[in-house]
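Structure first, commentary second.
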Amino acid sequence: MKYTFFGFLLLCAGLRCSAPAPQKNQALECYVRYLVPEAQLSVEATLFEWSAGEIHRTSVEAPGGISYQNIAMTPFRVGAEVNYQSTQAGGYTPEHMFRWKDAQRRDVQYDLELAPITAFSFDKNPLPRDSAATFRWDGKALEKGESLVFLWEREAGNLTVPMEVLGSPGQTSIDFPAAKLKDLEPGAWTLYLVRKKAVKTDIQGIAASALLEFYTRVDTIQVR
């Protein structure tokens, strides 16, 4: 009996030693920003990992790294934290693709899209402060999770007036009420837009999220 019991203990010890490691949960956060005036694209991606039951998550190095448009991104480390970055110059491509390997070293691909705005205008020029005006742009209609940020700047008085519009899917124009336009003083203003898109999805059990921003060219608007 002693020998049998001793063998049972050895068997249990062996089972404990060969038990699989706890399953890791993963999440990927991405950021894409394109600046038309500088013709510059900046991209960031961070992979987070935590065990089941844990609240705190930690950024980790992806097995084999993370690529954007099939080009390896550069990892930057601050202590134990790691963030992947990429900067490119040139024209804009609406499609954005991230690729990496999960904890089981399976290929994961995250496809995103943000349409550009090539031109924009108001239906009234100069823009009156005492009546409503309609704003239109050249480009696709707004999609789910998208918004437009109007950044008004005036050199005289060093004024900046931001206006964010949360659009509806399919929207191709924006009506500005006179009450909103009264925030702008009479005179010449420079205006550029930021088309923003926030996305959240699940890819092979990985929580993936992204923020995409497209900064248009700058135009001059006369306000009276």
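Ligands are numbered from 1 in the order shown, residues from 1 within each chain, and chains are lettered A, B, ... in the order they appear in the structure tokens.
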Using only C-alpha atoms, what table do you get, as a Markdown table, when you list each residue of range 113-179 of chain A with an atom no more than 12 Å from range 36-58 of chain A, its nearest pair of atoms, and their distance in Å rounded to one decimal, rows by chain then rising number?
```
| residue | atom | partner | partner_atom | distance |
| --- | --- | --- | --- | --- |
| A:Pro116 | CA | A:Val36 | CA | 9.6 |
| A:Ile117 | CA | A:Val36 | CA | 9.7 |
| A:Thr118 | CA | A:Val36 | CA | 9.3 |
| A:Ala119 | CA | A:Val36 | CA | 11.4 |
```
Counting only C-alpha atoms, what is within 12 Å of Gly145 in chain A, bar same-chain residues fewer than 4 positions away, as a PDB file with all heavy atoms, in the first residue's frame?
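That gives us selection-v2.pdb:
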```
ATOM      1  N   GLU A 113     -11.429  51.261 -42.020  1.00  0.00           N
ATOM      2  CA  GLU A 113     -11.571  52.179 -43.152  1.00  0.00           C
ATOM      3  C   GLU A 113     -12.094  53.519 -42.667  1.00  0.00           C
ATOM      4  O   GLU A 113     -13.001  53.583 -41.826  1.00  0.00           O
ATOM      5  CB  GLU A 113     -12.520  51.606 -44.206  1.00  0.00           C
ATOM      6  CG  GLU A 113     -12.666  52.489 -45.445  1.00  0.00           C
ATOM      7  CD  GLU A 113     -13.537  51.881 -46.519  1.00  0.00           C
ATOM      8  OE1 GLU A 113     -13.963  50.714 -46.340  1.00  0.00           O
ATOM      9  OE2 GLU A 113     -13.812  52.557 -47.526  1.00  0.00           O
ATOM     10  N   LEU A 114     -11.503  54.597 -43.188  1.00  0.00           N
ATOM     11  CA  LEU A 114     -11.974  55.953 -42.924  1.00  0.00           C
ATOM     12  C   LEU A 114     -11.883  56.743 -44.218  1.00  0.00           C
ATOM     13  O   LEU A 114     -10.793  56.930 -44.763  1.00  0.00           O
ATOM     14  CB  LEU A 114     -11.146  56.636 -41.831  1.00  0.00           C
ATOM     15  CG  LEU A 114     -11.555  58.077 -41.516  1.00  0.00           C
ATOM     16  CD1 LEU A 114     -12.952  58.120 -40.901  1.00  0.00           C
ATOM     17  CD2 LEU A 114     -10.544  58.741 -40.591  1.00  0.00           C
ATOM     18  N   VAL A 165     -19.584  67.816 -34.249  1.00  0.00           N
ATOM     19  CA  VAL A 165     -20.916  67.397 -34.685  1.00  0.00           C
ATOM     20  C   VAL A 165     -20.959  65.877 -34.728  1.00  0.00           C
ATOM     21  O   VAL A 165     -20.182  65.244 -35.457  1.00  0.00           O
ATOM     22  CB  VAL A 165     -21.251  67.963 -36.081  1.00  0.00           C
ATOM     23  CG1 VAL A 165     -22.625  67.464 -36.533  1.00  0.00           C
ATOM     24  CG2 VAL A 165     -21.214  69.483 -36.070  1.00  0.00           C
ATOM     25  N   LEU A 166     -21.824  65.286 -33.921  1.00  0.00           N
ATOM     26  CA  LEU A 166     -22.018  63.841 -33.935  1.00  0.00           C
ATOM     27  C   LEU A 166     -23.071  63.533 -34.993  1.00  0.00           C
ATOM     28  O   LEU A 166     -24.265  63.733 -34.780  1.00  0.00           O
ATOM     29  CB  LEU A 166     -22.455  63.340 -32.557  1.00  0.00           C
ATOM     30  CG  LEU A 166     -21.489  63.650 -31.406  1.00  0.00           C
ATOM     31  CD1 LEU A 166     -22.087  63.194 -30.085  1.00  0.00           C
ATOM     32  CD2 LEU A 166     -20.147  62.962 -31.641  1.00  0.00           C
ATOM     33  N   GLY A 167     -22.620  63.065 -36.136  1.00  0.00           N
ATOM     34  CA  GLY A 167     -23.521  62.832 -37.249  1.00  0.00           C
ATOM     35  C   GLY A 167     -24.254  61.516 -37.161  1.00  0.00           C
ATOM     36  O   GLY A 167     -24.027  60.699 -36.267  1.00  0.00           O
ATOM     37  N   SER A 168     -25.140  61.323 -38.128  1.00  0.00           N
ATOM     38  CA  SER A 168     -25.890  60.079 -38.248  1.00  0.00           C
ATOM     39  C   SER A 168     -25.404  59.332 -39.483  1.00  0.00           C
ATOM     40  O   SER A 168     -25.008  59.952 -40.478  1.00  0.00           O
ATOM     41  CB  SER A 168     -27.392  60.367 -38.380  1.00  0.00           C
ATOM     42  OG  SER A 168     -27.851  61.103 -37.259  1.00  0.00           O
ATOM     43  N   PRO A 169     -25.411  57.999 -39.447  1.00  0.00           N
ATOM     44  CA  PRO A 169     -24.996  57.236 -40.630  1.00  0.00           C
ATOM     45  C   PRO A 169     -25.792  57.659 -41.865  1.00  0.00           C
ATOM     46  O   PRO A 169     -27.010  57.799 -41.813  1.00  0.00           O
ATOM     47  CB  PRO A 169     -25.301  55.791 -40.222  1.00  0.00           C
ATOM     48  CG  PRO A 169     -25.210  55.788 -38.733  1.00  0.00           C
ATOM     49  CD  PRO A 169     -25.741  57.120 -38.313  1.00  0.00           C
ATOM     50  N   GLY A 170     -25.085  57.899 -42.963  1.00  0.00           N
ATOM     51  CA  GLY A 170     -25.723  58.321 -44.200  1.00  0.00           C
ATOM     52  C   GLY A 170     -25.803  59.815 -44.378  1.00  0.00           C
ATOM     53  O   GLY A 170     -26.201  60.308 -45.443  1.00  0.00           O
ATOM     54  N   ARG A 195     -12.227  64.473 -39.504  1.00  0.00           N
ATOM     55  CA  ARG A 195     -13.205  63.392 -39.609  1.00  0.00           C
ATOM     56  C   ARG A 195     -12.737  62.274 -38.698  1.00  0.00           C
ATOM     57  O   ARG A 195     -11.644  61.724 -38.865  1.00  0.00           O
ATOM     58  CB  ARG A 195     -13.321  62.891 -41.048  1.00  0.00           C
ATOM     59  CG  ARG A 195     -14.407  61.825 -41.237  1.00  0.00           C
ATOM     60  CD  ARG A 195     -14.684  61.553 -42.703  1.00  0.00           C
ATOM     61  NE  ARG A 195     -15.860  60.713 -42.874  1.00  0.00           N
ATOM     62  CZ  ARG A 195     -16.519  60.575 -44.020  1.00  0.00           C
ATOM     63  NH1 ARG A 195     -16.098  61.222 -45.106  1.00  0.00           N
ATOM     64  NH2 ARG A 195     -17.581  59.799 -44.086  1.00  0.00           N
ATOM     65  N   LYS A 196     -13.555  61.957 -37.697  1.00  0.00           N
ATOM     66  CA  LYS A 196     -13.181  60.982 -36.679  1.00  0.00           C
ATOM     67  C   LYS A 196     -14.075  59.751 -36.760  1.00  0.00           C
ATOM     68  O   LYS A 196     -15.255  59.857 -37.077  1.00  0.00           O
ATOM     69  CB  LYS A 196     -13.290  61.601 -35.282  1.00  0.00           C
ATOM     70  CG  LYS A 196     -12.384  62.778 -35.039  1.00  0.00           C
ATOM     71  CD  LYS A 196     -12.676  63.439 -33.703  1.00  0.00           C
ATOM     72  CE  LYS A 196     -12.486  62.506 -32.536  1.00  0.00           C
ATOM     73  NZ  LYS A 196     -12.703  63.179 -31.230  1.00  0.00           N
ATOM     74  N   LYS A 197     -13.472  58.622 -36.417  1.00  0.00           N
ATOM     75  CA  LYS A 197     -14.241  57.376 -36.399  1.00  0.00           C
ATOM     76  C   LYS A 197     -13.745  56.506 -35.255  1.00  0.00           C
ATOM     77  O   LYS A 197     -12.558  56.223 -35.143  1.00  0.00           O
ATOM     78  CB  LYS A 197     -14.091  56.623 -37.724  1.00  0.00           C
ATOM     79  CG  LYS A 197     -14.981  55.386 -37.853  1.00  0.00           C
ATOM     80  CD  LYS A 197     -14.838  54.782 -39.243  1.00  0.00           C
ATOM     81  CE  LYS A 197     -15.807  53.643 -39.465  1.00  0.00           C
ATOM     82  NZ  LYS A 197     -15.685  53.078 -40.845  1.00  0.00           N
ATOM     83  N   ALA A 198     -14.679  56.083 -34.394  1.00  0.00           N
ATOM     84  CA  ALA A 198     -14.361  55.187 -33.286  1.00  0.00           C
ATOM     85  C   ALA A 198     -14.977  53.820 -33.581  1.00  0.00           C
ATOM     86  O   ALA A 198     -16.154  53.727 -33.919  1.00  0.00           O
ATOM     87  CB  ALA A 198     -14.900  55.745 -31.975  1.00  0.00           C
ATOM     88  N   VAL A 199     -14.158  52.786 -33.443  1.00  0.00           N
ATOM     89  CA  VAL A 199     -14.585  51.427 -33.797  1.00  0.00           C
ATOM     90  C   VAL A 199     -14.251  50.471 -32.667  1.00  0.00           C
ATOM     91  O   VAL A 199     -13.166  50.558 -32.073  1.00  0.00           O
ATOM     92  CB  VAL A 199     -13.902  50.945 -35.093  1.00  0.00           C
ATOM     93  CG1 VAL A 199     -14.389  49.560 -35.481  1.00  0.00           C
ATOM     94  CG2 VAL A 199     -14.138  51.922 -36.225  1.00  0.00           C
ATOM     95  N   LYS A 200     -15.171  49.564 -32.363  1.00  0.00           N
ATOM     96  CA  LYS A 200     -14.932  48.488 -31.407  1.00  0.00           C
ATOM     97  C   LYS A 200     -15.482  47.197 -31.996  1.00  0.00           C
ATOM     98  O   LYS A 200     -16.593  47.187 -32.539  1.00  0.00           O
ATOM     99  CB  LYS A 200     -15.592  48.774 -30.061  1.00  0.00           C
ATOM    100  CG  LYS A 200     -14.918  49.861 -29.242  1.00  0.00           C
ATOM    101  CD  LYS A 200     -15.558  49.981 -27.862  1.00  0.00           C
ATOM    102  CE  LYS A 200     -14.858  51.035 -27.015  1.00  0.00           C
ATOM    103  NZ  LYS A 200     -15.450  51.130 -25.658  1.00  0.00           N
ATOM    104  N   SER A 209     -10.132  47.749 -30.694  1.00  0.00           N
ATOM    105  CA  SER A 209     -10.741  49.072 -30.798  1.00  0.00           C
ATOM    106  C   SER A 209      -9.779  50.004 -31.518  1.00  0.00           C
ATOM    107  O   SER A 209      -8.559  49.796 -31.513  1.00  0.00           O
ATOM    108  CB  SER A 209     -11.090  49.634 -29.414  1.00  0.00           C
ATOM    109  OG  SER A 209      -9.921  49.777 -28.627  1.00  0.00           O
ATOM    110  N   ALA A 210     -10.345  51.031 -32.152  1.00  0.00           N
ATOM    111  CA  ALA A 210      -9.507  51.957 -32.916  1.00  0.00           C
ATOM    112  C   ALA A 210     -10.138  53.336 -32.947  1.00  0.00           C
ATOM    113  O   ALA A 210     -11.366  53.481 -32.886  1.00  0.00           O
ATOM    114  CB  ALA A 210      -9.307  51.438 -34.339  1.00  0.00           C
ATOM    115  N   LEU A 211      -9.282  54.351 -33.046  1.00  0.00           N
ATOM    116  CA  LEU A 211      -9.696  55.724 -33.283  1.00  0.00           C
ATOM    117  C   LEU A 211      -8.945  56.197 -34.520  1.00  0.00           C
ATOM    118  O   LEU A 211      -7.711  56.172 -34.558  1.00  0.00           O
ATOM    119  CB  LEU A 211      -9.377  56.620 -32.095  1.00  0.00           C
ATOM    120  CG  LEU A 211      -9.692  58.109 -32.283  1.00  0.00           C
ATOM    121  CD1 LEU A 211     -11.189  58.323 -32.497  1.00  0.00           C
ATOM    122  CD2 LEU A 211      -9.200  58.932 -31.101  1.00  0.00           C
ATOM    123  N   LEU A 212      -9.702  56.614 -35.541  1.00  0.00           N
ATOM    124  CA  LEU A 212      -9.110  57.093 -36.781  1.00  0.00           C
ATOM    125  C   LEU A 212      -9.468  58.559 -36.960  1.00  0.00           C
ATOM    126  O   LEU A 212     -10.609  58.973 -36.710  1.00  0.00           O
ATOM    127  CB  LEU A 212      -9.615  56.286 -37.983  1.00  0.00           C
ATOM    128  CG  LEU A 212      -9.362  54.782 -37.942  1.00  0.00           C
ATOM    129  CD1 LEU A 212     -10.609  54.053 -37.409  1.00  0.00           C
ATOM    130  CD2 LEU A 212      -9.018  54.227 -39.314  1.00  0.00           C
ATOM    131  N   GLU A 213      -8.489  59.364 -37.415  1.00  0.00           N
ATOM    132  CA  GLU A 213      -8.710  60.800 -37.610  1.00  0.00           C
ATOM    133  C   GLU A 213      -8.099  61.242 -38.936  1.00  0.00           C
ATOM    134  O   GLU A 213      -6.950  60.930 -39.237  1.00  0.00           O
ATOM    135  CB  GLU A 213      -8.088  61.602 -36.464  1.00  0.00           C
ATOM    136  CG  GLU A 213      -8.715  61.340 -35.100  1.00  0.00           C
ATOM    137  CD  GLU A 213      -8.071  62.155 -33.996  1.00  0.00           C
ATOM    138  OE1 GLU A 213      -6.905  62.588 -34.175  1.00  0.00           O
ATOM    139  OE2 GLU A 213      -8.715  62.352 -32.959  1.00  0.00           O
TER     140      GLU A 213
END
```
Shell of 12 Å around Asp175 in chain A, only C-alpha atoms, local chain residues under 2 positions omitted, as a PyMOL selection string
chain A and resi 122-124+131-136+165+167+171-173+177-181
Using the selection just defined, write its residues with all heavy atoms as a short mmCIF file (atom, residue, chain, number, x, y, z; two decimals), in the first residue's frame.
```cif
data_model
loop_
_atom_site.label_atom_id
_atom_site.label_comp_id
_atom_site.auth_asym_id
_atom_site.auth_seq_id
_atom_site.Cartn_x
_atom_site.Cartn_y
_atom_site.Cartn_z
N PHE A 122 -19.56 76.02 -47.40
CA PHE A 122 -20.88 76.41 -46.93
C PHE A 122 -21.70 76.91 -48.12
O PHE A 122 -21.14 77.34 -49.13
CB PHE A 122 -20.78 77.51 -45.87
CG PHE A 122 -20.33 77.02 -44.52
CD1 PHE A 122 -18.98 76.96 -44.20
CD2 PHE A 122 -21.25 76.61 -43.57
CE1 PHE A 122 -18.56 76.50 -42.96
CE2 PHE A 122 -20.85 76.16 -42.33
CZ PHE A 122 -19.49 76.10 -42.02
N ASP A 123 -23.00 76.87 -47.99
CA ASP A 123 -23.85 77.31 -49.08
C ASP A 123 -23.96 78.82 -49.16
O ASP A 123 -24.59 79.35 -50.10
CB ASP A 123 -25.24 76.68 -48.96
CG ASP A 123 -25.98 77.13 -47.71
OD1 ASP A 123 -25.32 77.62 -46.77
OD2 ASP A 123 -27.22 76.97 -47.66
N LYS A 124 -23.35 79.53 -48.20
CA LYS A 124 -23.38 80.98 -48.22
C LYS A 124 -21.96 81.51 -48.05
O LYS A 124 -21.20 81.03 -47.21
CB LYS A 124 -24.27 81.51 -47.09
CG LYS A 124 -25.73 81.08 -47.21
CD LYS A 124 -26.55 81.55 -46.03
CE LYS A 124 -28.00 81.07 -46.15
NZ LYS A 124 -28.82 81.48 -44.98
N SER A 131 -28.16 83.95 -39.62
CA SER A 131 -29.07 83.01 -40.28
C SER A 131 -28.39 81.65 -40.41
O SER A 131 -27.15 81.55 -40.35
CB SER A 131 -29.47 83.53 -41.68
OG SER A 131 -28.34 83.63 -42.51
N ALA A 132 -29.19 80.61 -40.59
CA ALA A 132 -28.66 79.25 -40.68
C ALA A 132 -27.90 79.06 -41.99
O ALA A 132 -28.12 79.78 -42.97
CB ALA A 132 -29.80 78.25 -40.59
N ALA A 133 -26.99 78.09 -42.00
CA ALA A 133 -26.21 77.77 -43.19
C ALA A 133 -26.01 76.26 -43.27
O ALA A 133 -26.00 75.57 -42.25
CB ALA A 133 -24.87 78.50 -43.18
N THR A 134 -25.85 75.78 -44.48
CA THR A 134 -25.65 74.34 -44.71
C THR A 134 -24.22 74.07 -45.14
O THR A 134 -23.68 74.76 -46.02
CB THR A 134 -26.62 73.81 -45.78
OG1 THR A 134 -27.96 74.04 -45.35
CG2 THR A 134 -26.42 72.32 -46.01
N PHE A 135 -23.62 73.09 -44.52
CA PHE A 135 -22.24 72.70 -44.81
C PHE A 135 -22.25 71.37 -45.57
O PHE A 135 -22.96 70.44 -45.19
CB PHE A 135 -21.46 72.56 -43.50
CG PHE A 135 -20.05 72.07 -43.69
CD1 PHE A 135 -19.03 72.96 -43.98
CD2 PHE A 135 -19.76 70.72 -43.57
CE1 PHE A 135 -17.73 72.49 -44.15
CE2 PHE A 135 -18.46 70.25 -43.74
CZ PHE A 135 -17.45 71.15 -44.03
N ARG A 136 -21.45 71.29 -46.63
CA ARG A 136 -21.32 70.07 -47.41
C ARG A 136 -19.85 69.76 -47.68
O ARG A 136 -19.01 70.66 -47.64
CB ARG A 136 -22.07 70.19 -48.74
CG ARG A 136 -23.59 70.29 -48.59
CD ARG A 136 -24.29 70.35 -49.95
NE ARG A 136 -25.74 70.33 -49.81
CZ ARG A 136 -26.48 71.40 -49.64
NH1 ARG A 136 -25.89 72.60 -49.58
NH2 ARG A 136 -27.80 71.31 -49.51
N VAL A 165 -19.58 67.82 -34.25
CA VAL A 165 -20.92 67.40 -34.69
C VAL A 165 -20.96 65.88 -34.73
O VAL A 165 -20.18 65.24 -35.46
CB VAL A 165 -21.25 67.96 -36.08
CG1 VAL A 165 -22.63 67.46 -36.53
CG2 VAL A 165 -21.21 69.48 -36.07
N GLY A 167 -22.62 63.07 -36.14
CA GLY A 167 -23.52 62.83 -37.25
C GLY A 167 -24.25 61.52 -37.16
O GLY A 167 -24.03 60.70 -36.27
N GLN A 171 -25.41 60.58 -43.38
CA GLN A 171 -25.50 62.04 -43.45
C GLN A 171 -24.46 62.59 -44.42
O GLN A 171 -23.29 62.23 -44.38
CB GLN A 171 -25.29 62.63 -42.06
CG GLN A 171 -25.62 64.11 -41.94
CD GLN A 171 -25.64 64.57 -40.49
OE1 GLN A 171 -25.63 63.77 -39.57
NE2 GLN A 171 -25.66 65.87 -40.29
N THR A 172 -24.89 63.50 -45.32
CA THR A 172 -24.00 64.08 -46.33
C THR A 172 -23.89 65.59 -46.21
O THR A 172 -23.17 66.21 -46.98
CB THR A 172 -24.50 63.73 -47.74
OG1 THR A 172 -25.84 64.22 -47.90
CG2 THR A 172 -24.47 62.22 -47.98
N SER A 173 -24.59 66.19 -45.26
CA SER A 173 -24.51 67.63 -45.04
C SER A 173 -24.85 67.93 -43.59
O SER A 173 -25.43 67.08 -42.89
CB SER A 173 -25.45 68.39 -45.98
OG SER A 173 -26.80 68.06 -45.69
N PRO A 177 -27.30 76.08 -37.18
CA PRO A 177 -28.25 77.13 -36.80
C PRO A 177 -27.52 78.45 -36.56
O PRO A 177 -26.33 78.49 -36.26
CB PRO A 177 -28.87 76.59 -35.52
CG PRO A 177 -27.82 75.69 -34.94
CD PRO A 177 -27.11 75.08 -36.12
N ALA A 178 -28.27 79.54 -36.68
CA ALA A 178 -27.68 80.86 -36.47
C ALA A 178 -27.10 80.99 -35.07
O ALA A 178 -26.07 81.65 -34.86
CB ALA A 178 -28.73 81.94 -36.72
N ALA A 179 -27.73 80.34 -34.08
CA ALA A 179 -27.25 80.43 -32.70
C ALA A 179 -25.83 79.88 -32.58
O ALA A 179 -25.04 80.35 -31.76
CB ALA A 179 -28.19 79.68 -31.77
N LYS A 180 -25.50 78.88 -33.39
CA LYS A 180 -24.16 78.29 -33.35
C LYS A 180 -23.16 79.18 -34.07
O LYS A 180 -22.02 79.36 -33.61
CB LYS A 180 -24.18 76.90 -33.99
CG LYS A 180 -22.96 76.07 -33.68
CD LYS A 180 -22.90 75.73 -32.20
CE LYS A 180 -21.72 74.82 -31.87
NZ LYS A 180 -21.62 74.56 -30.42
N LEU A 181 -23.56 79.76 -35.18
CA LEU A 181 -22.65 80.60 -35.96
C LEU A 181 -22.34 81.91 -35.24
O LEU A 181 -21.33 82.56 -35.54
CB LEU A 181 -23.25 80.89 -37.34
CG LEU A 181 -23.41 79.65 -38.24
CD1 LEU A 181 -24.12 80.04 -39.54
CD2 LEU A 181 -22.06 79.02 -38.53
#
```
If you run DSSP on the backbone, which residues of range 77-217 of chain A are helix (DSSP H, G or I), as a PyMOL selection string?
chain A and resi 178-181
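Ranking A:Val78, A:Leu191, A:Ile206, A:Leu151 by their shortest atom-to-atom distance to Gln109 in chain A, with only C-alpha atoms included, puts A:Ile206 first.
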Residues at most 7 Å from Gly187 in chain A, counting only C-alpha atoms, excluding those fewer than 5 positions away in the same chain, as a PyMOL selection string?
chain A and resi 222-224
Could you take the residues named above and write them with N, CA, C and O atoms, as a PDB file, in the first residue's frame?
```pdb
ATOM      1  N   GLN A 222     -14.934  83.709 -44.732  1.00  0.00           N
ATOM      2  CA  GLN A 222     -15.296  85.054 -44.308  1.00  0.00           C
ATOM      3  C   GLN A 222     -16.623  84.994 -43.552  1.00  0.00           C
ATOM      4  O   GLN A 222     -17.602  84.438 -44.048  1.00  0.00           O
ATOM      5  N   VAL A 223     -16.635  85.561 -42.362  1.00  0.00           N
ATOM      6  CA  VAL A 223     -17.837  85.610 -41.536  1.00  0.00           C
ATOM      7  C   VAL A 223     -18.272  87.061 -41.383  1.00  0.00           C
ATOM      8  O   VAL A 223     -17.444  87.947 -41.106  1.00  0.00           O
ATOM      9  N   ARG A 224     -19.557  87.310 -41.596  1.00  0.00           N
ATOM     10  CA  ARG A 224     -20.055  88.692 -41.459  1.00  0.00           C
ATOM     11  C   ARG A 224     -21.242  88.753 -40.477  1.00  0.00           C
ATOM     12  O   ARG A 224     -21.872  87.765 -40.182  1.00  0.00           O
TER      13      ARG A 224
END
```
Interatomic distance between CA of Asn83 in chain A and CA of Ser59 in chain A?
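CA of Ser59 in chain A lies at a distance of 7.6 Å from CA of Asn83 in chain A.
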Check range 25-96 of chain A with DSSP on the backbone and list each residue it calls strand (DSSP E), as a ChimeraX atom specification.
/A:25-35,40-51,58-60,67-68,71-72,74-78,81-89,95-96
For each of A:His96, A:Lys101, A:Lys144, A:Lys182, take the minimum atom-to-atom distance to Gly65 in chain A, counting only C-alpha atoms, then give the residue where this is smallest.
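Under the stated criterion, the closest residue is A:Lys101.
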